[in-house]
Structure formats: C-alpha cells, structure tokens
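Shown next: upload_16.txt, given as compact mmCIF, C-alpha atoms.
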```txt
# COMPACT_ATOMS: atom_id res chain seq x y z
CA MET G 3 -2.56 16.58 3.93
CA SER G 4 -0.61 13.34 3.65
CA LEU G 5 1.40 11.84 6.50
CA LYS G 6 4.59 12.31 4.49
CA LYS G 7 4.00 16.05 4.00
CA SER G 8 3.08 16.47 7.67
CA LEU G 9 6.30 14.79 8.78
CA VAL G 10 8.44 16.95 6.49
CA ILE G 11 6.78 20.16 7.67
CA THR G 12 7.07 19.12 11.34
CA ALA G 13 10.73 18.18 10.94
CA ALA G 14 11.51 21.48 9.16
CA LEU G 15 9.80 23.54 11.88
CA LEU G 16 11.54 21.66 14.67
CA ALA G 17 14.93 21.89 12.95
CA SER G 18 14.51 25.65 12.62
CA PHE G 19 14.94 26.03 16.39
CA SER G 20 18.48 26.66 17.52
CA SER G 21 20.34 23.38 17.90
CA ALA G 22 22.70 22.98 20.85
CA ALA G 23 24.31 19.72 19.69
CA SER G 24 23.97 17.30 16.85
CA ASN G 25 25.50 14.18 15.37
CA ILE G 26 25.32 11.97 12.34
CA SER G 27 26.06 8.26 12.31
CA LEU G 28 26.75 5.45 9.89
CA ALA G 29 26.45 1.77 10.83
CA PHE G 30 26.65 -1.29 8.62
CA ASP G 31 27.28 -4.98 8.21
CA ASN G 32 27.31 -7.19 5.13
CA ASP G 33 23.51 -6.94 4.61
CA ASN G 34 22.44 -3.59 6.14
CA ILE G 35 23.33 0.07 6.30
CA VAL G 36 21.89 2.59 8.76
CA LEU G 37 22.31 6.35 8.38
CA GLY G 38 21.24 8.36 11.41
CA TYR G 39 20.98 11.91 12.67
CA GLU G 40 20.28 13.53 16.01
CA LEU G 41 19.59 17.21 16.73
CA GLU G 42 19.30 18.59 20.24
CA LEU G 43 16.55 21.19 19.90
CA GLN G 44 16.35 22.40 23.48
CA GLU G 45 17.83 21.46 26.82
CA ALA G 46 15.70 18.30 27.08
CA LEU G 47 14.31 17.76 23.55
CA LYS G 48 15.82 15.88 20.59
CA LEU G 49 14.87 15.21 16.99
CA LYS G 50 16.24 11.87 15.76
CA GLY G 51 15.94 9.76 12.66
CA ASP G 52 17.32 6.73 10.83
CA TYR G 53 17.34 5.31 7.34
CA LEU G 54 17.76 1.51 7.32
CA GLN G 55 18.46 -0.14 3.96
CA THR G 56 18.63 -3.93 3.87
CA ILE G 57 19.88 -6.04 0.99
CA ASP G 58 16.90 -8.40 1.05
CA ASN G 59 14.06 -6.40 2.63
CA GLY G 60 13.87 -2.86 1.24
CA TYR G 61 14.07 0.16 3.53
CA THR G 62 12.69 1.81 6.65
CA LEU G 63 12.81 5.57 7.23
CA ASP G 64 11.90 7.12 10.59
CA THR G 65 11.91 10.48 12.35
CA GLY G 66 11.06 10.99 15.99
CA ILE G 67 10.99 13.50 18.78
CA TYR G 68 12.26 12.59 22.24
CA ALA G 69 12.45 14.09 25.69
CA PHE G 70 15.76 13.20 27.29
CA GLN G 71 17.47 13.36 30.65
CA ASP G 72 21.22 13.09 31.18
CA ALA G 73 21.98 12.44 34.83
CA GLY G 74 25.75 12.01 34.66
CA ALA G 75 26.31 8.25 34.68
CA THR G 76 22.83 7.42 33.34
CA PHE G 77 20.76 8.82 30.49
CA PHE G 78 17.21 8.24 29.22
CA GLU G 79 15.05 9.17 26.23
CA LEU G 80 11.30 8.75 25.78
CA GLY G 81 9.31 9.65 22.71
CA ALA G 82 7.64 8.67 19.48
CA LYS G 83 8.75 8.19 15.92
CA ALA G 84 6.88 8.14 12.64
CA MET G 85 8.11 5.77 9.98
CA ARG G 86 7.73 4.76 6.38
CA MET G 87 8.49 1.17 5.37
CA ASP G 88 8.85 -0.23 1.87
CA ASN G 89 9.84 -3.87 2.01
CA ASP G 90 9.42 -7.06 -0.02
CA ASN G 91 6.09 -8.01 1.58
CA GLY G 92 4.46 -4.58 1.42
CA ASP G 93 4.75 -0.98 2.41
CA GLY G 94 3.17 1.18 5.03
CA TYR G 95 3.46 3.72 7.81
CA ALA G 96 3.54 3.43 11.58
CA LEU G 97 3.76 5.56 14.70
CA ALA G 98 5.96 3.84 17.28
CA PHE G 99 6.53 4.73 20.92
CA GLY G 100 9.60 3.85 22.92
CA GLY G 101 12.89 5.09 24.15
CA LEU G 102 16.45 4.47 25.12
CA GLY G 103 18.27 4.02 28.40
CA GLY G 104 21.96 3.85 29.03
CA ILE G 105 24.79 3.93 31.50
CA ARG G 106 28.28 5.40 31.20
CA LEU G 107 30.76 2.96 32.72
CA THR G 108 33.67 5.34 32.09
CA GLU G 109 33.91 8.76 30.49
CA GLU G 110 34.52 7.09 27.12
CA PHE G 111 32.53 3.82 27.32
CA SER G 112 28.74 3.44 27.56
CA LEU G 113 26.09 0.74 27.19
CA GLU G 114 22.60 1.44 25.80
CA ALA G 115 19.31 -0.41 25.26
CA GLU G 116 16.58 0.87 22.94
CA PHE G 117 13.02 -0.33 22.29
CA HIS G 118 10.18 0.91 20.03
CA TYR G 119 6.76 -0.61 19.35
CA SER G 120 3.81 0.29 17.14
CA PRO G 121 0.52 -1.57 17.73
CA GLU G 122 -1.87 -2.39 14.90
CA ILE G 123 -4.05 0.66 15.61
CA LEU G 124 -1.08 2.97 14.79
CA ALA G 125 0.07 1.12 11.65
CA PHE G 126 -1.22 1.94 8.18
CA GLY G 127 -0.96 0.58 4.64
CA ASP G 128 0.10 -3.07 4.46
CA THR G 129 1.66 -2.83 7.93
CA GLU G 130 -0.03 -4.26 11.04
CA ASN G 131 2.68 -3.56 13.63
CA TYR G 132 6.34 -2.79 14.08
CA SER G 133 8.86 -3.56 16.81
CA GLN G 134 12.53 -2.78 17.21
CA TRP G 135 15.04 -3.30 19.96
CA ALA G 136 18.76 -2.66 19.97
CA LEU G 137 21.64 -3.17 22.38
CA ARG G 138 24.66 -0.90 21.84
CA ALA G 139 28.17 -0.49 23.24
CA SER G 140 29.78 2.86 22.43
CA TYR G 141 33.35 4.09 22.88
CA ALA G 142 34.53 7.70 22.40
CA VAL G 143 37.62 7.37 20.20
CA MET G 144 37.91 11.20 19.99
CA PRO G 145 35.96 14.06 21.52
CA THR G 146 34.04 14.34 18.22
CA ALA G 147 33.67 10.66 17.27
CA ASN G 148 32.19 7.55 18.90
CA PHE G 149 32.72 4.01 17.64
CA PHE G 150 29.84 1.64 18.43
CA VAL G 151 28.75 -1.96 18.02
CA GLU G 152 25.05 -2.76 18.18
CA TYR G 153 22.72 -5.69 17.86
CA ASN G 154 19.61 -4.49 16.03
CA TYR G 155 16.45 -6.63 15.88
CA THR G 156 13.59 -5.16 13.82
CA THR G 157 10.36 -6.89 12.76
CA VAL G 158 7.28 -5.81 10.83
CA THR G 159 3.96 -7.69 10.65
CA TYR G 160 2.06 -7.24 7.39
CA ASP G 161 -1.60 -7.87 6.57
CA ASN G 162 -2.28 -11.61 6.19
CA MET G 163 1.41 -12.50 6.53
CA PRO G 164 3.70 -13.63 9.34
CA ASP G 165 6.26 -11.31 10.93
CA GLU G 166 9.07 -10.25 8.61
CA ARG G 167 12.40 -9.84 10.34
CA LEU G 168 14.08 -6.86 8.71
CA THR G 169 17.26 -7.14 10.75
CA ALA G 170 18.67 -9.37 13.42
CA ASP G 171 22.26 -8.36 12.96
CA ILE G 172 25.37 -6.98 14.60
CA LEU G 173 26.24 -3.60 13.10
CA PHE G 174 29.47 -1.62 13.41
CA GLY G 175 29.33 2.16 13.24
CA LEU G 176 30.73 5.59 13.86
CA ALA G 177 28.90 8.69 15.14
CA TRP G 178 30.36 12.14 14.43
CA ILE G 179 29.48 14.82 16.97
CA PHE G 180 29.48 18.49 16.02
```

Rewrite the coordinates I just gave you, this time as structure tokens.
Amino acid sequence: MSLKKSLVITAALLASFSSAASNISLAFDNDNIVLGYELELQEALKLKGDYLQTIDNGYTLDTGIYAFQDAGATFFELGAKAMRMDNDNGDGYALAFGGLGGIRLTEEFSLEAEFHYSPEILAFGDTENYSQWALRASYAVMPTANFFVEYNYTTVTYDNMPDERLTADILFGLAWIF
C-alpha cells in the first residue's frame, strides 16, 4: 500500500472518533498561502494538517498527530507529521518529528514557537531532509476567531542540490474555532 493511501486511511479513522474541538485557519502573504485544520480527537490528542502553496516553489501538504498538554498559561504539543512535497527542484515524502510550545500572556494574547525536522533516513523520493520553524503571535478577536501573525521558515534539501528555502516570510492569518 502506498504512503498516500496509508495517510488517507489513517486520517479517516482518526477523524471518525468524536471531536471535542476543531478549527480551520487561513494565512497568507504576497507569495504564500497556508490552509490549516486542527481536530481534537481526545482529551490530549490532536490531528493537525497544513497545505502550503508558494508562488515560486510548488506545494507542501502535511498531516500529523500530536499529544498536547494545556496547563493554563502554558501549552505544549509533541508529535509527528507525514508530508508530501512537490516543488521546483523535485518531489518527495518525509516523516517529521517536532512540536509546539506557547504561553498565554493574557486571556486573548499568546506567543508560540513551533519546530519540525525530518532527517535523511525518514525522507523519500527526491527529498533528503526537511525542517520548519515558526514563531507566532495570536490574539482572540472573538470567542470563535483568532488573528495571528507568524514568521514561517521552511527548507527542504533535495538529492544532489543545496537546501531550497520554501518560505522565510511573515504571514497574516485568521483561525476559526468551532
């Protein structure tokens, strides 16, 4: 069975569990657009994913599962995500590990840092490795909507080529919570 089919089946099975909370998000700048989703599957388990389309470098699609802990003023996520990349220098798959950590400075305002990395052993196709880090400031403009600004830095190394920077941009976005 292909990796793509396995990911679809896994995502469908996980999404079939009762979801306690979910959100969708849209972030963009002049060169990029990111569509995201997040489903809370159980008390401490999330399914998350993003679709990143860049004007110059193709797209990246990822889905991951994360254990999370919300301790009032701080929150953490740890997990893995599987991704498909189709960019100018090649295409491939990767399994990246990482997480997110954040702090709520007020009830409405929070700061977050996120990091994911895939070593060469977990990258397939034309891809040798993948890394992503993001810094995000989020403000709850309504109980069901958060405005955020993030700096997203994503690179992919391809076979016999130097690192390709997919993004190194400031994105503006909105997350709808339902």

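Rounded to one decimal, atom CA of Leu49 of chain G and atom CA of Asn25 of chain G lie 10.8 Å from each other.
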
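Closest to Glu79 of chain G among G:Arg106, G:Lys50, G:Asp64, G:Asp33 is G:Lys50, based on only C-alpha atoms.
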
Residue neighbourhood segment 86-89 of chain G, 7 Å, only C-alpha atoms, exclusion window fewer than 4 positions, as a tab-separated table (two decimals) with C-alpha atoms, in the coordinates of the input:
```
chain	number	residue	atom	x	y	z
G	59	ASN	CA	14.06	-6.40	2.63
G	60	GLY	CA	13.87	-2.86	1.24
G	61	TYR	CA	14.07	0.16	3.53
G	62	THR	CA	12.69	1.81	6.65
G	63	LEU	CA	12.81	5.57	7.23
G	64	ASP	CA	11.90	7.12	10.59
G	93	ASP	CA	4.75	-0.98	2.41
G	94	GLY	CA	3.17	1.18	5.03
G	95	TYR	CA	3.46	3.72	7.81
G	96	ALA	CA	3.54	3.43	11.58
```

request  = Return the single residue from G:Met163, G:Leu102, G:Val143, G:Met85 that is closest to Phe126 of chain G, with distances computed using only C-alpha atoms.
outcome  = G:Met85

ask   = Which value, in Å to one decimal, gives the distance between atom CA of Asn162 of chain G and atom CA of Gly101 of chain G?
value = 28.8 Å

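For segment 134-137 of chain G, the residues within 10 Å (counting only C-alpha atoms, excluding itself and residues fewer than 3 positions away along the chain) are Ala98, Gly100, Gly101, Leu102, Gly103, Gly104, Leu113, Glu114, Ala115, Glu116, Phe117, His118, Tyr119, Ser120, Val151, Glu152, Tyr153, Asn154, Tyr155, Thr156, Thr157, Val158, Arg167, Leu168, Thr169, Ala170, Asp171 and Ile172 of chain G.
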
message = Need to verify the contact set: Ala177 of chain G, 8 Å, only C-alpha atoms, exclusion of same-chain residues closer than 5 positions in sequence. Can you return it as a PyMOL selection string?
response = chain G and resi 25-28+147-150

Residues just named, written with C-alpha atoms as a PDB file, in the frame of the given file:
```pdb
ATOM      1  CA  ASN G  25      25.500  14.180  15.370  1.00  0.00           C
ATOM      2  CA  ILE G  26      25.320  11.970  12.340  1.00  0.00           C
ATOM      3  CA  SER G  27      26.060   8.260  12.310  1.00  0.00           C
ATOM      4  CA  LEU G  28      26.750   5.450   9.890  1.00  0.00           C
ATOM      5  CA  ALA G 147      33.670  10.660  17.270  1.00  0.00           C
ATOM      6  CA  ASN G 148      32.190   7.550  18.900  1.00  0.00           C
ATOM      7  CA  PHE G 149      32.720   4.010  17.640  1.00  0.00           C
ATOM      8  CA  PHE G 150      29.840   1.640  18.430  1.00  0.00           C
TER       9      PHE G 150
END
```

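Restricting the calculation to only C-alpha atoms, the smallest distance between Asn131 of chain G and any of G:Thr56, G:Thr159, G:Thr65, G:Thr76 is found for G:Thr159.
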
Using the file's own x, y and z axes, what box holds all listed atoms of segment 56-63 of chain G with 5 Å on each side, keeping edges along x, y and z, and what are its centre and edge lengths in Å to one decimal, as AutoDock Vina command-line options?
```
--center_x 16.3 --center_y -1.4 --center_z 4.1 --size_x 17.2 --size_y 24.0 --size_z 16.2
```

Have segment 109-130 of chain G completed to N, CA and C atoms, please, and pass it along as a tab-separated table (two decimals), in the frame of the given file.
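Just written: part_33.tsv:
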```tsv
chain	number	residue	atom	x	y	z
G	109	GLU	N	34.18	7.56	31.26
G	109	GLU	CA	33.91	8.76	30.49
G	109	GLU	C	33.80	8.47	29.00
G	110	GLU	N	34.51	7.44	28.54
G	110	GLU	CA	34.52	7.09	27.12
G	110	GLU	C	33.57	5.97	26.75
G	111	PHE	N	33.26	5.05	27.65
G	111	PHE	CA	32.53	3.82	27.32
G	111	PHE	C	31.13	3.82	27.91
G	112	SER	N	30.12	3.50	27.07
G	112	SER	CA	28.74	3.44	27.56
G	112	SER	C	28.02	2.25	26.95
G	113	LEU	N	26.97	1.81	27.65
G	113	LEU	CA	26.09	0.74	27.19
G	113	LEU	C	24.67	1.32	27.09
G	114	GLU	N	23.93	0.92	26.02
G	114	GLU	CA	22.60	1.44	25.80
G	114	GLU	C	21.65	0.32	25.40
G	115	ALA	N	20.38	0.48	25.72
G	115	ALA	CA	19.31	-0.41	25.26
G	115	ALA	C	18.19	0.47	24.73
G	116	GLU	N	17.63	0.08	23.59
G	116	GLU	CA	16.58	0.87	22.94
G	116	GLU	C	15.43	-0.06	22.55
G	117	PHE	N	14.20	0.45	22.67
G	117	PHE	CA	13.02	-0.33	22.29
G	117	PHE	C	11.95	0.60	21.72
G	118	HIS	N	11.31	0.19	20.61
G	118	HIS	CA	10.18	0.91	20.03
G	118	HIS	C	9.13	-0.11	19.59
G	119	TYR	N	7.85	0.29	19.73
G	119	TYR	CA	6.76	-0.61	19.35
G	119	TYR	C	5.61	0.21	18.78
G	120	SER	N	5.02	-0.30	17.72
G	120	SER	CA	3.81	0.29	17.14
G	120	SER	C	2.73	-0.78	17.09
G	121	PRO	N	1.62	-0.59	17.80
G	121	PRO	CA	0.52	-1.57	17.73
G	121	PRO	C	-0.24	-1.42	16.41
G	122	GLU	N	-1.11	-2.36	16.15
G	122	GLU	CA	-1.87	-2.39	14.90
G	122	GLU	C	-2.68	-1.12	14.69
G	123	ILE	N	-3.21	-0.53	15.74
G	123	ILE	CA	-4.05	0.66	15.61
G	123	ILE	C	-3.26	1.86	15.08
G	124	LEU	N	-1.93	1.86	15.24
G	124	LEU	CA	-1.08	2.97	14.79
G	124	LEU	C	-0.24	2.61	13.57
G	125	ALA	N	-0.63	1.55	12.86
G	125	ALA	CA	0.07	1.12	11.65
G	125	ALA	C	-0.89	1.22	10.47
G	126	PHE	N	-0.38	1.67	9.34
G	126	PHE	CA	-1.22	1.94	8.18
G	126	PHE	C	-0.62	1.31	6.93
G	127	GLY	N	-1.41	1.22	5.87
G	127	GLY	CA	-0.96	0.58	4.64
G	127	GLY	C	-0.99	-0.93	4.83
G	128	ASP	N	0.02	-1.61	4.33
G	128	ASP	CA	0.10	-3.07	4.46
G	128	ASP	C	0.61	-3.49	5.84
G	129	THR	N	1.02	-2.55	6.66
G	129	THR	CA	1.66	-2.83	7.93
G	129	THR	C	0.63	-3.02	9.04
G	130	GLU	N	0.83	-4.05	9.86
G	130	GLU	CA	-0.03	-4.26	11.04
G	130	GLU	C	0.65	-3.82	12.32
```
